[in-house]
$ cat coords_15.csv   # CSV, C-alpha atoms
chain,number,residue,atom,x,y,z
S,7,MET,CA,99.4,91.2,121.2
S,8,GLU,CA,96.4,92.0,119.0
S,9,ASN,CA,93.8,91.0,121.7
S,10,GLN,CA,95.6,92.6,124.6
S,11,GLN,CA,93.6,95.2,126.6
S,12,LYS,CA,95.9,98.0,125.5
S,13,PRO,CA,96.3,98.1,121.7
S,14,LEU,CA,99.7,98.2,120.1
S,15,LYS,CA,101.2,101.6,119.6
S,16,VAL,CA,102.4,101.7,116.0
S,17,LEU,CA,104.4,104.4,114.3
S,18,LEU,CA,104.0,104.7,110.5
S,19,SER,CA,106.4,106.5,108.2
S,20,ALA,CA,104.4,107.7,105.2
S,21,TYR,CA,106.2,110.3,103.1
S,22,ALA,CA,103.3,110.0,100.6
S,23,CYS,CA,100.0,110.1,102.4
S,24,ARG,CA,96.8,111.8,101.1
S,25,PRO,CA,93.2,110.8,101.2
S,26,ASP,CA,92.3,112.3,97.9
S,27,MET,CA,94.8,110.4,95.7
S,28,GLY,CA,95.7,106.9,94.5
S,29,SER,CA,99.1,105.4,94.0
S,30,GLU,CA,101.6,105.8,96.9
S,31,PRO,CA,99.8,108.7,98.6
S,32,GLY,CA,96.7,106.5,98.7
S,33,VAL,CA,98.7,103.7,100.1
S,34,GLY,CA,100.0,105.8,103.0
S,35,TRP,CA,96.5,107.0,103.9
S,36,ASN,CA,94.6,103.8,103.4
S,37,MET,CA,97.1,101.7,105.3
S,38,ALA,CA,96.8,104.1,108.3
S,39,ARG,CA,93.0,104.2,108.1
S,40,GLU,CA,92.8,100.4,108.1
S,41,LEU,CA,95.3,99.8,110.9
S,42,VAL,CA,93.8,102.3,113.2
S,43,LYS,CA,90.7,100.0,113.5
S,44,HIS,CA,92.9,97.8,115.7
S,45,TYR,CA,95.9,99.8,116.9
S,46,LYS,CA,96.8,103.2,118.2
S,47,ILE,CA,98.4,104.7,115.1
S,48,TRP,CA,100.8,107.7,114.7
S,49,VAL,CA,101.7,108.7,111.2
S,50,ILE,CA,104.6,110.9,110.2
S,51,THR,CA,104.1,112.5,106.8
S,52,ARG,CA,105.1,115.6,104.9
S,53,ALA,CA,103.8,119.0,105.9
S,54,GLU,CA,102.4,119.6,102.4
S,55,ASN,CA,99.9,116.8,103.0
S,56,ARG,CA,98.4,118.6,106.0
S,57,PRO,CA,95.6,120.6,104.4
S,58,PHE,CA,94.2,117.5,102.6
S,59,ILE,CA,94.4,115.3,105.6
S,60,GLU,CA,92.9,117.9,108.0
S,61,ALA,CA,90.1,118.6,105.6
S,62,GLU,CA,89.3,114.8,105.5
S,63,LEU,CA,89.6,114.4,109.3
S,64,THR,CA,87.3,117.4,109.9
S,65,GLN,CA,84.6,115.8,107.7
S,66,ASN,CA,85.3,112.2,108.8
S,67,PRO,CA,87.1,112.0,112.1
S,68,ILE,CA,89.2,108.9,112.8
S,69,PRO,CA,89.6,108.2,116.5
S,70,GLY,CA,93.0,106.8,117.5
S,71,LEU,CA,94.8,108.3,114.5
S,72,GLU,CA,97.5,110.9,115.3
S,73,VAL,CA,99.2,112.6,112.3
S,74,ILE,CA,102.5,114.4,112.7
S,75,TYR,CA,103.7,116.7,110.0
S,76,TYR,CA,107.3,117.3,109.2
S,77,ASP,CA,109.4,118.8,106.4
S,78,LEU,CA,112.9,119.9,105.9
S,79,PRO,CA,113.8,123.6,106.6
S,80,ALA,CA,113.1,125.8,103.6
S,81,TRP,CA,116.9,126.2,102.9
S,82,ALA,CA,117.2,122.4,102.6
S,83,ARG,CA,114.4,122.0,100.1
S,84,TRP,CA,114.4,125.0,97.8
S,85,TRP,CA,115.7,122.9,94.9
S,86,LYS,CA,112.8,120.4,95.1
S,87,GLY,CA,110.3,120.9,92.2
S,88,LYS,CA,107.2,118.9,91.3
S,89,ASN,CA,109.1,116.2,89.5
S,90,ARG,CA,112.7,117.2,90.4
S,91,GLY,CA,114.8,116.0,93.2
S,92,VAL,CA,112.0,114.1,94.9
S,93,HIS,CA,114.1,111.0,95.8
S,94,LEU,CA,116.9,113.1,97.3
S,95,HIS,CA,114.3,115.0,99.3
S,96,HIS,CA,112.8,111.7,100.5
S,97,TYR,CA,116.2,110.5,101.6
S,98,LEU,CA,117.0,113.7,103.5
S,99,TRP,CA,113.4,113.9,104.9
S,100,GLN,CA,113.9,110.5,106.4
S,101,ILE,CA,117.0,111.6,108.3
S,102,GLY,CA,115.1,114.4,109.9
S,103,VAL,CA,112.2,112.1,110.7
S,104,TYR,CA,114.5,109.7,112.5
S,105,PHE,CA,115.4,112.4,115.1
S,106,LEU,CA,111.8,113.4,115.4
S,107,ALA,CA,110.8,109.8,115.9
S,108,GLN,CA,113.5,109.3,118.5
S,109,ASN,CA,111.9,112.0,120.7
S,110,LEU,CA,108.4,110.7,120.1
S,111,HIS,CA,109.5,107.2,121.1
S,112,ARG,CA,110.9,108.5,124.4
S,113,GLN,CA,107.5,110.0,125.1
S,114,ILE,CA,105.2,107.3,123.8
S,115,ASN,CA,107.2,104.0,123.8
S,116,PHE,CA,106.1,102.6,120.5
S,117,ASP,CA,105.7,98.8,120.2
S,118,LEU,CA,106.5,98.7,116.4
S,119,VAL,CA,107.6,101.0,113.6
S,120,HIS,CA,106.5,100.5,110.0
S,121,HIS,CA,108.0,102.3,106.9
S,122,VAL,CA,105.1,102.4,104.4
S,123,THR,CA,105.9,105.0,101.7
S,124,TYR,CA,107.9,105.7,99.6
S,125,GLY,CA,108.2,102.0,98.9
S,126,ARG,CA,111.6,101.7,97.1
S,127,TYR,CA,113.8,98.7,97.9
S,128,SER,CA,117.0,100.7,97.0
S,129,ALA,CA,116.2,103.6,99.5
S,130,PRO,CA,116.9,103.2,103.2
S,131,SER,CA,114.6,103.9,106.1
S,132,PHE,CA,116.4,105.4,109.0
S,133,LEU,CA,113.6,104.5,111.3
S,134,SER,CA,115.0,101.0,111.3
S,135,LEU,CA,117.6,102.4,113.7
S,136,LEU,CA,114.9,102.8,116.5
S,137,PRO,CA,115.2,100.1,119.2
S,138,ILE,CA,111.9,98.5,118.4
S,139,PRO,CA,110.7,95.9,115.8
S,140,PHE,CA,110.8,97.4,112.3
S,141,VAL,CA,108.6,96.4,109.3
S,142,TRP,CA,109.7,97.6,105.8
S,143,GLY,CA,107.3,97.9,102.9
S,144,PRO,CA,105.6,97.0,100.7
S,145,VAL,CA,108.6,97.9,98.6
S,146,GLY,CA,109.1,97.7,94.8
S,147,GLY,CA,111.4,99.1,92.3
S,148,GLY,CA,113.3,96.0,91.3
S,149,GLU,CA,111.5,96.0,88.0
S,150,SER,CA,113.1,97.4,84.8
S,151,ALA,CA,112.2,97.9,81.2
S,152,PRO,CA,113.6,95.0,79.1
S,153,THR,CA,116.4,96.2,76.9
S,154,PRO,CA,114.7,95.4,73.5
S,155,PHE,CA,112.0,97.9,74.4
S,156,TRP,CA,114.5,100.8,74.7
S,157,GLN,CA,114.5,101.1,70.8
S,158,ASP,CA,111.2,102.9,71.1
S,159,PHE,CA,112.4,105.4,73.6
S,160,SER,CA,113.6,109.0,72.8
S,161,THR,CA,117.1,110.0,73.8
S,162,SER,CA,115.9,111.7,77.0
S,163,ASN,CA,113.8,108.6,77.9
S,164,LYS,CA,116.8,106.3,77.4
S,165,ILE,CA,118.8,108.6,79.7
S,166,TYR,CA,115.9,108.4,82.3
S,167,GLU,CA,116.0,104.5,82.2
S,168,PHE,CA,119.8,104.5,82.4
S,169,LEU,CA,119.8,106.8,85.4
S,170,ARG,CA,117.0,104.8,87.0
S,171,ASN,CA,119.1,101.7,86.7
S,172,ILE,CA,122.2,103.5,88.0
S,173,ALA,CA,120.2,104.8,91.0
S,174,ALA,CA,119.1,101.2,91.9
S,175,TRP,CA,122.8,100.0,91.5
S,176,VAL,CA,124.0,102.8,93.8
S,177,GLY,CA,121.1,102.2,96.3
S,178,GLU,CA,122.1,98.5,96.5
S,179,ARG,CA,125.5,99.6,97.7
S,180,ASP,CA,124.3,102.2,100.2
S,181,PRO,CA,125.3,101.0,103.7
S,182,PHE,CA,122.1,102.4,105.1
S,183,VAL,CA,120.1,100.3,102.7
S,184,HIS,CA,122.0,97.2,103.9
S,185,LEU,CA,121.3,98.4,107.5
S,186,THR,CA,117.6,98.8,106.7
S,187,VAL,CA,117.5,95.2,105.3
S,188,LYS,CA,119.4,93.8,108.2
S,189,ARG,CA,117.2,95.4,110.9
S,190,SER,CA,113.9,94.6,109.2
S,191,GLN,CA,111.9,91.9,111.0
S,192,VAL,CA,110.2,91.4,107.7
S,193,ALA,CA,110.6,93.0,104.2
S,194,ILE,CA,107.2,93.1,102.4
S,195,VAL,CA,107.7,93.1,98.7
S,196,ALA,CA,105.2,93.7,95.8
S,197,THR,CA,106.8,91.7,92.9
S,198,PRO,CA,109.0,88.7,92.3
S,199,GLU,CA,111.6,91.0,90.7
S,200,THR,CA,111.9,93.1,93.9
S,201,SER,CA,111.9,89.9,96.0
S,202,ALA,CA,115.0,88.7,94.2
S,203,ARG,CA,116.8,92.0,94.8
S,204,VAL,CA,115.9,92.2,98.5
S,205,SER,CA,116.9,88.6,98.9
S,206,ALA,CA,120.3,89.3,97.4
S,207,LEU,CA,120.7,92.1,99.9
S,208,GLY,CA,120.3,89.6,102.7
S,209,ALA,CA,116.8,90.0,104.1
S,210,LYS,CA,116.1,87.5,106.8
S,211,ARG,CA,112.4,87.3,106.1
S,212,ILE,CA,110.5,88.3,102.9
S,213,GLU,CA,106.7,88.4,102.6
S,214,VAL,CA,105.3,88.8,99.1
S,215,ILE,CA,102.0,90.8,99.3
S,216,TYR,CA,99.7,91.0,96.3
S,217,GLY,CA,100.7,94.5,95.3
S,218,GLN,CA,101.3,97.6,97.2
S,219,THR,CA,98.0,99.3,96.5
S,220,GLY,CA,94.4,98.2,97.4
S,221,ILE,CA,90.8,99.3,97.1
S,222,ASN,CA,88.5,100.0,100.1
S,223,GLN,CA,85.1,98.3,100.2
S,224,GLN,CA,83.2,101.5,99.4
S,225,GLU,CA,85.2,101.9,96.1
S,226,ILE,CA,84.7,98.2,95.3
S,227,THR,CA,80.9,98.7,95.7
S,228,GLN,CA,80.9,101.8,93.6
S,229,LEU,CA,83.0,100.2,90.8
S,230,GLY,CA,80.7,97.2,90.9
S,231,GLN,CA,77.8,99.4,90.0
S,232,LEU,CA,79.3,100.4,86.7
S,233,PRO,CA,77.3,98.8,83.8
S,234,VAL,CA,78.6,95.8,82.0
S,235,GLU,CA,77.6,95.5,78.4
S,236,ALA,CA,78.7,92.6,76.2
S,237,SER,CA,78.3,93.5,72.5
S,238,ALA,CA,79.5,91.2,69.8
S,239,THR,CA,79.5,94.1,67.2
S,240,SER,CA,81.7,96.7,68.9
S,241,ILE,CA,84.4,96.9,71.5
S,242,ARG,CA,86.1,99.8,73.3
S,243,PHE,CA,89.5,99.6,74.9
S,244,ILE,CA,90.8,102.1,77.5
S,245,SER,CA,94.2,103.1,78.9
S,246,ILE,CA,94.4,105.2,82.0
S,247,GLY,CA,97.4,106.9,83.6
S,248,ARG,CA,100.2,109.4,83.2
S,249,LEU,CA,101.4,109.5,79.6
S,250,LEU,CA,105.0,108.4,80.2
S,251,HIS,CA,107.2,106.3,77.9
S,252,TRP,CA,107.4,103.4,80.3
S,253,LYS,CA,103.7,103.1,80.6
S,254,GLY,CA,103.8,101.4,77.2
S,255,PHE,CA,100.7,103.1,75.8
S,256,HIS,CA,102.4,103.2,72.3
S,257,LEU,CA,102.4,99.4,72.3
S,258,GLY,CA,98.7,99.4,72.9
S,259,LEU,CA,98.1,101.7,70.0
S,260,ARG,CA,100.2,99.6,67.7
S,261,ALA,CA,98.4,96.5,68.7
S,262,PHE,CA,95.0,98.2,68.2
S,263,ALA,CA,96.0,99.3,64.7
S,264,GLN,CA,97.2,95.8,63.8
S,265,ALA,CA,94.0,94.2,65.2
S,266,ASN,CA,92.1,96.2,62.6
S,267,LEU,CA,88.8,96.4,64.3
S,268,PRO,CA,86.5,98.7,62.3
S,269,ASN,CA,84.0,98.9,65.1
S,270,GLY,CA,86.6,99.3,67.8
S,271,GLU,CA,87.7,102.4,69.7
S,272,PHE,CA,90.6,103.1,72.0
S,273,TRP,CA,90.3,105.7,74.7
S,274,ILE,CA,93.2,107.3,76.6
S,275,VAL,CA,92.6,109.1,79.9
S,276,GLY,CA,95.5,111.0,81.3
S,277,ASP,CA,98.2,113.5,80.3
S,278,GLY,CA,101.9,113.7,80.3
S,279,PRO,CA,105.0,114.3,78.1
S,280,GLU,CA,104.2,111.5,75.7
S,281,ARG,CA,100.8,112.8,74.7
S,282,LYS,CA,102.0,114.5,71.5
S,283,ARG,CA,104.0,111.5,70.5
S,284,LEU,CA,101.0,109.2,71.0
S,285,GLU,CA,98.7,111.5,69.1
S,286,ASN,CA,101.2,111.5,66.2
S,287,LEU,CA,101.5,107.8,66.4
S,288,SER,CA,97.7,107.3,66.1
S,289,GLN,CA,97.8,109.5,62.9
S,290,GLU,CA,100.7,107.5,61.5
S,291,LEU,CA,98.9,104.3,62.1
S,292,GLN,CA,95.8,105.8,60.5
S,293,ILE,CA,93.6,105.1,63.6
S,294,SER,CA,93.2,108.7,64.8
S,295,ASP,CA,89.5,108.6,64.0
S,296,ARG,CA,89.0,105.7,66.5
S,297,VAL,CA,91.4,106.9,69.2
S,298,HIS,CA,90.3,109.6,71.7
S,299,PHE,CA,92.5,111.5,74.1
S,300,PHE,CA,90.6,112.9,77.1
S,301,GLY,CA,93.5,114.4,79.1
S,302,ASN,CA,93.4,114.5,82.9
S,303,LEU,CA,89.9,114.0,84.4
S,304,PRO,CA,88.7,114.1,88.0
S,305,ARG,CA,88.5,110.6,89.5
S,306,ASP,CA,84.7,110.3,89.2
S,307,LEU,CA,84.8,111.1,85.5
S,308,THR,CA,87.8,108.8,85.0
S,309,LEU,CA,85.8,105.9,86.5
S,310,SER,CA,82.8,106.9,84.4
S,311,LYS,CA,84.9,106.6,81.3
S,312,LEU,CA,86.1,103.2,82.5
S,313,GLY,CA,82.5,102.2,82.8
S,314,GLU,CA,81.9,103.1,79.2
S,315,CYS,CA,84.7,100.8,78.0
S,316,ASP,CA,85.0,97.0,77.8
S,317,VAL,CA,88.7,96.3,78.4
S,318,LEU,CA,91.6,98.0,80.2
S,319,VAL,CA,94.9,98.0,78.3
S,320,HIS,CA,97.9,98.5,80.6
S,321,PRO,CA,101.1,97.5,78.9
S,322,SER,CA,103.5,99.0,81.4
S,323,LEU,CA,107.2,98.1,81.3
S,324,HIS,CA,108.0,98.6,85.0
S,325,ASP,CA,105.0,99.2,87.2
S,326,PHE,CA,105.2,97.6,90.6
S,327,SER,CA,101.6,98.1,91.8
S,328,PRO,CA,99.2,100.0,89.6
S,329,THR,CA,95.8,100.8,91.2
S,330,VAL,CA,94.2,101.1,87.8
S,331,CYS,CA,94.3,97.4,87.1
S,332,LEU,CA,92.5,96.7,90.4
S,333,GLU,CA,89.9,99.3,89.6
S,334,ALA,CA,89.3,97.7,86.2
S,335,MET,CA,88.9,94.3,87.8
S,336,ALA,CA,86.6,95.7,90.5
S,337,ALA,CA,84.5,97.2,87.7
S,338,SER,CA,84.3,93.7,86.1
S,339,ARG,CA,86.6,94.6,83.2
S,340,PRO,CA,89.3,92.2,81.8
S,341,VAL,CA,92.8,93.6,81.7
S,342,ILE,CA,95.5,93.2,79.1
S,343,CYS,CA,99.0,93.7,80.5
S,344,LEU,CA,102.6,92.6,80.0
S,345,GLU,CA,104.1,89.7,81.9
S,346,LEU,CA,106.2,92.2,83.8
S,347,GLY,CA,106.2,93.6,87.4
S,348,GLY,CA,103.1,94.3,89.4
S,349,PRO,CA,100.4,93.8,86.8
S,350,ALA,CA,101.7,90.3,86.1
S,351,THR,CA,101.0,89.4,89.8
S,352,GLN,CA,97.6,91.2,89.8
S,353,ILE,CA,96.2,89.6,86.6
S,354,THR,CA,95.6,85.9,86.2
S,355,ALA,CA,94.6,83.8,83.2
S,356,GLU,CA,91.0,83.9,84.5
S,357,THR,CA,90.9,87.8,84.8
S,358,GLY,CA,92.8,88.9,81.6
S,359,PHE,CA,95.8,88.4,79.4
S,360,LYS,CA,99.4,88.7,80.4
S,361,ILE,CA,101.5,89.2,77.2
S,362,PRO,CA,105.1,87.8,77.3
S,363,ALA,CA,107.5,90.8,76.8
S,364,HIS,CA,110.4,89.7,74.5
S,365,THR,CA,110.4,92.4,71.8
S,366,PRO,CA,108.1,95.3,70.9
S,367,GLU,CA,107.2,93.6,67.6
S,368,GLN,CA,106.2,90.3,69.4
S,369,VAL,CA,104.1,92.2,72.0
S,370,THR,CA,102.3,94.1,69.2
S,371,VAL,CA,101.4,90.9,67.4
S,372,ASP,CA,100.3,89.0,70.5
S,373,MET,CA,98.3,91.9,71.9
S,374,ALA,CA,96.6,92.4,68.6
S,375,LYS,CA,95.5,88.7,68.6
S,376,VAL,CA,94.1,89.1,72.1
S,377,MET,CA,92.2,92.3,71.1
S,378,GLN,CA,90.7,90.4,68.1
S,379,ARG,CA,89.6,87.5,70.3
S,380,LEU,CA,88.0,89.8,73.0
S,381,ALA,CA,86.2,91.7,70.2
S,382,VAL,CA,84.4,88.5,69.0
S,383,GLU,CA,83.9,86.8,72.4
S,384,PRO,CA,81.8,89.1,74.5
S,385,ASP,CA,81.0,86.1,76.9
S,386,LEU,CA,84.7,85.8,77.6
S,387,ARG,CA,84.9,89.5,78.5
S,388,VAL,CA,82.0,89.0,81.0
S,389,ARG,CA,83.5,85.8,82.4
S,390,MET,CA,86.9,87.4,82.9
S,391,GLY,CA,85.3,90.5,84.4
S,392,LYS,CA,83.4,88.5,87.0
S,393,ALA,CA,86.6,86.6,87.9
S,394,GLY,CA,88.5,89.9,88.3
S,395,ARG,CA,86.0,91.4,90.6
S,396,GLN,CA,86.1,88.2,92.8
S,397,ARG,CA,89.9,88.4,92.9
S,398,VAL,CA,89.9,92.0,94.0
S,399,ASN,CA,87.4,91.2,96.8
S,400,GLN,CA,89.5,88.2,98.0
S,401,LEU,CA,93.0,89.7,97.8
S,402,TYR,CA,93.1,93.5,97.1
S,403,SER,CA,90.6,95.1,99.5
S,404,TRP,CA,92.3,97.2,102.2
S,405,GLU,CA,90.4,95.1,104.7
S,406,MET,CA,92.3,92.0,103.5
S,407,LYS,CA,95.6,93.9,103.5
S,408,GLY,CA,94.8,95.0,107.1
S,409,LYS,CA,94.2,91.4,108.1
S,410,PHE,CA,97.6,90.4,106.6
S,411,LEU,CA,99.4,93.1,108.6
S,412,ARG,CA,97.6,92.3,111.8
S,413,LYS,CA,98.8,88.7,111.6
S,414,LEU,CA,102.3,89.9,110.8
S,415,TYR,CA,102.4,92.5,113.7
S,416,THR,CA,101.2,89.8,116.1
S,417,GLU,CA,103.9,87.4,115.1
S,418,ILE,CA,106.6,90.1,115.3
S,419,VAL,CA,105.5,91.4,118.8
S,420,HIS,CA,105.3,87.8,120.1
S,421,GLN,CA,108.8,87.1,118.8
S,422,GLY,CA,110.1,90.2,120.7
S,423,ALA,CA,108.2,89.5,123.9
$ encode --input "coords_15.csv" --output "structure tokens"
Amino acid sequence: MENQQKPLKVLLSAYACRPDMGSEPGVGWNMARELVKHYKIWVITRAENRPFIEAELTQNPIPGLEVIYYDLPAWARWWKGKNRGVHLHHYLWQIGVYFLAQNLHRQINFDLVHHVTYGRYSAPSFLSLLPIPFVWGPVGGGESAPTPFWQDFSTSNKIYEFLRNIAAWVGERDPFVHLTVKRSQVAIVATPETSARVSALGAKRIEVIYGQTGINQQEITQLGQLPVEASATSIRFISIGRLLHWKGFHLGLRAFAQANLPNGEFWIVGDGPERKRLENLSQELQISDRVHFFGNLPRDLTLSKLGECDVLVHPSLHDFSPTVCLEAMAASRPVICLELGGPATQITAETGFKIPAHTPEQVTVDMAKVMQRLAVEPDLRVRMGKAGRQRVNQLYSWEMKGKFLRKLYTEIVHQGA
């Protein structure tokens, strides 16, 4: 029980867990940091995260947090590269972690185990086999790029999407995934698409949380200090993230070209395999003089660039919980996204625009109209920005996510008592 004299002993599985990163590594770290305020927390993560975590804990110790580092033997991971074989490595890593957790449980007698990252609904967690209540998630991955948008993809990108869909199909038939679902006291999901997939797998209880990622109060305060300028004579759009085909940045550039805003600019922060294609596209659309590519920047400079812009454009085709949309809202910037996946749950009609995603042509037209409207209605930008910041404070701070999990843990432990 949450108010009992001895706090609950909770084991977290966080394959991705780093204090200096966003996305899933940030989820693993921030979830542990928030929960340790109320419970005794043990985190199992990869050995390669060790130097970053230990550096942070040396500078900012966290009482009650125990981090256990584990990786596969060298002979079992030689094939894993930066972007190669990561999901297979994750699968095998979890098998090893199960045997490690078995021994730990005999010593410590955990009250609850929670699989945090990676959060894929089509991948199992072998920690569900431990004889204690198991919490799974937040998980995503039930999202996919609508078929009409494949026409813009290169052959290699089409193969990527095909293999991604096949992997999900195979995962849904993995007996260990079914066992994970069956043994979960609760499956926490990040999007309606994933909720439907997990429900079809037979989950007995599903909780939809507002996205996987969050922002801590310090970051919310810092982002709130970025200046907000509402000019009726100029507007600057920005897209931030890895330059990958499914991020949909090409749709943003086409819409910007069609909006035909002589005093408008489009900034792109990030790098990736699609950069050359996006640079060529801006030249073909004759907007290269108003489109600026900044490449990868440190986090502080990235947020500084966000502060110099008016609107975030994030037309991702299958993102289940992007942190960048939350950062933009915390910075009082409206967001333009597609009505797909995580962004569609993060953004409301008060905080931005969700563009229906039927075809690339339709998205381009509708997004261009939104850009034109925002360009001539600076008061609307300010109003949406304020609403976005309020929404982040209410739903997306790590403190609020911690409150949600504390309530959930209490219910689960009471049920098992």
$ atom_distance --input "coords_15.csv" --atom1 "atom CA of S:Pro25" --atom2 "atom CA of S:Val398"
20.4 Å
$ residues_around --input "coords_15.csv" --residues "S:Met373" --least-positions-apart "2" --cutoff "12 Å" --atoms "only C-alpha atoms" --output "PyMOL selection string"
chain S and resi 257-266+319-321+341-345+358-363+366-371+375-380
$ residues_around --input "coords_15.csv" --residues "stretch 229-233 of chain S" --least-positions-apart "3" --cutoff "9 Å" --atoms "all atoms listed in the file" --output "ChimeraX atom specification"
/S:224-226,309-310,312-314,333-338,395
$ closest_residue --input "coords_15.csv" --among "S:Ile50, S:Val183, S:Pro67, S:Val122" --to "S:Phe105" --atoms "all atoms listed in the file"
S:Ile50
$ residues_around --input "coords_15.csv" --residues "S:Gln289" --least-positions-apart "5" --cutoff "12 Å" --atoms "only C-alpha atoms" --output "PyMOL selection string"
chain S and resi 259-260+263+282-284+294-298
$ closest_atom_pairs --input "coords_15.csv" --of "stretch 196-283 of chain S" --to "stretch 160-163 of chain S" --cutoff "12 Å" --atoms "all atoms listed in the file" --output "tab-separated table"
residue	atom	partner	partner_atom	distance
S:Leu250	CA	S:Asn163	CA	9.1
S:His251	CA	S:Asn163	CA	7.0
S:Trp252	CA	S:Asn163	CA	8.6
S:Lys253	CA	S:Asn163	CA	11.8
S:Pro279	CA	S:Asn163	CA	10.5
S:Glu280	CA	S:Ser160	CA	10.1
S:Arg283	CA	S:Ser160	CA	10.2
$ atom_distance --input "coords_15.csv" --atom1 "atom CA of S:Phe272" --atom2 "atom CA of S:Ile246"
10.9 Å
$ closest_residue --input "coords_15.csv" --among "S:Ala22, S:Leu249, S:Val330, S:Met37" --to "S:Phe300" --atoms "only C-alpha atoms"
S:Leu249
$ atom_distance --input "coords_15.csv" --atom1 "atom CA of S:His256" --atom2 "atom CA of S:Val388"
26.3 Å
$ closest_residue --input "coords_15.csv" --among "S:Phe155, S:Phe168, S:Phe299, S:Tyr415" --to "S:Asp117" --atoms "only C-alpha atoms"
S:Tyr415
$ closest_residue --input "coords_15.csv" --among "S:Phe116, S:Phe58, S:Phe140, S:Tyr124" --to "S:Tyr21" --atoms "all atoms listed in the file"
S:Tyr124
$ closest_residue --input "coords_15.csv" --among "S:Arg39, S:Arg170, S:His364, S:Arg179" --to "S:Cys23" --atoms "all atoms listed in the file"
S:Arg39
$ closest_residue --input "coords_15.csv" --among "S:Val141, S:Phe182, S:Val119, S:Pro198" --to "S:Ile101" --atoms "only C-alpha atoms"
S:Phe182
$ decode --input "coords_15.csv" --residues "stretch 69-83 of chain S" --atoms "N, CA and C atoms" --output "CSV table (one decimal), in the first residue's frame"
chain,number,residue,atom,x,y,z
S,69,PRO,N,18.5,9.0,-3.6
S,69,PRO,CA,18.3,8.0,-2.6
S,69,PRO,C,17.2,7.0,-2.9
S,70,GLY,N,17.4,5.7,-2.7
S,70,GLY,CA,16.4,4.7,-2.9
S,70,GLY,C,16.4,4.1,-4.3
S,71,LEU,N,17.2,4.6,-5.2
S,71,LEU,CA,17.3,4.1,-6.6
S,71,LEU,C,18.5,3.2,-6.7
S,72,GLU,N,18.2,2.0,-7.1
S,72,GLU,CA,19.3,1.0,-7.3
S,72,GLU,C,19.3,0.6,-8.8
S,73,VAL,N,20.4,0.8,-9.5
S,73,VAL,CA,20.5,0.5,-10.9
S,73,VAL,C,21.4,-0.7,-11.1
S,74,ILE,N,20.8,-1.7,-11.8
S,74,ILE,CA,21.5,-3.0,-12.1
S,74,ILE,C,21.8,-3.0,-13.6
S,75,TYR,N,23.0,-3.2,-14.0
S,75,TYR,CA,23.4,-3.2,-15.4
S,75,TYR,C,23.6,-4.6,-15.9
S,76,TYR,N,23.1,-4.8,-17.1
S,76,TYR,CA,23.2,-6.2,-17.7
S,76,TYR,C,23.3,-6.1,-19.2
S,77,ASP,N,24.1,-6.9,-19.8
S,77,ASP,CA,24.1,-7.1,-21.2
S,77,ASP,C,24.4,-8.5,-21.6
S,78,LEU,N,24.1,-8.9,-22.8
S,78,LEU,CA,24.4,-10.2,-23.3
S,78,LEU,C,25.9,-10.4,-23.4
S,79,PRO,N,26.4,-11.6,-23.3
S,79,PRO,CA,27.8,-11.9,-23.5
S,79,PRO,C,28.3,-11.3,-24.9
S,80,ALA,N,29.5,-11.0,-25.0
S,80,ALA,CA,30.0,-10.4,-26.3
S,80,ALA,C,29.7,-11.3,-27.5
S,81,TRP,N,29.8,-12.6,-27.3
S,81,TRP,CA,29.6,-13.5,-28.5
S,81,TRP,C,28.2,-13.5,-28.9
S,82,ALA,N,27.2,-13.0,-28.1
S,82,ALA,CA,25.8,-13.0,-28.4
S,82,ALA,C,25.3,-11.6,-28.9
S,83,ARG,N,26.2,-10.7,-29.0
S,83,ARG,CA,25.8,-9.3,-29.4
S,83,ARG,C,26.8,-8.7,-30.4
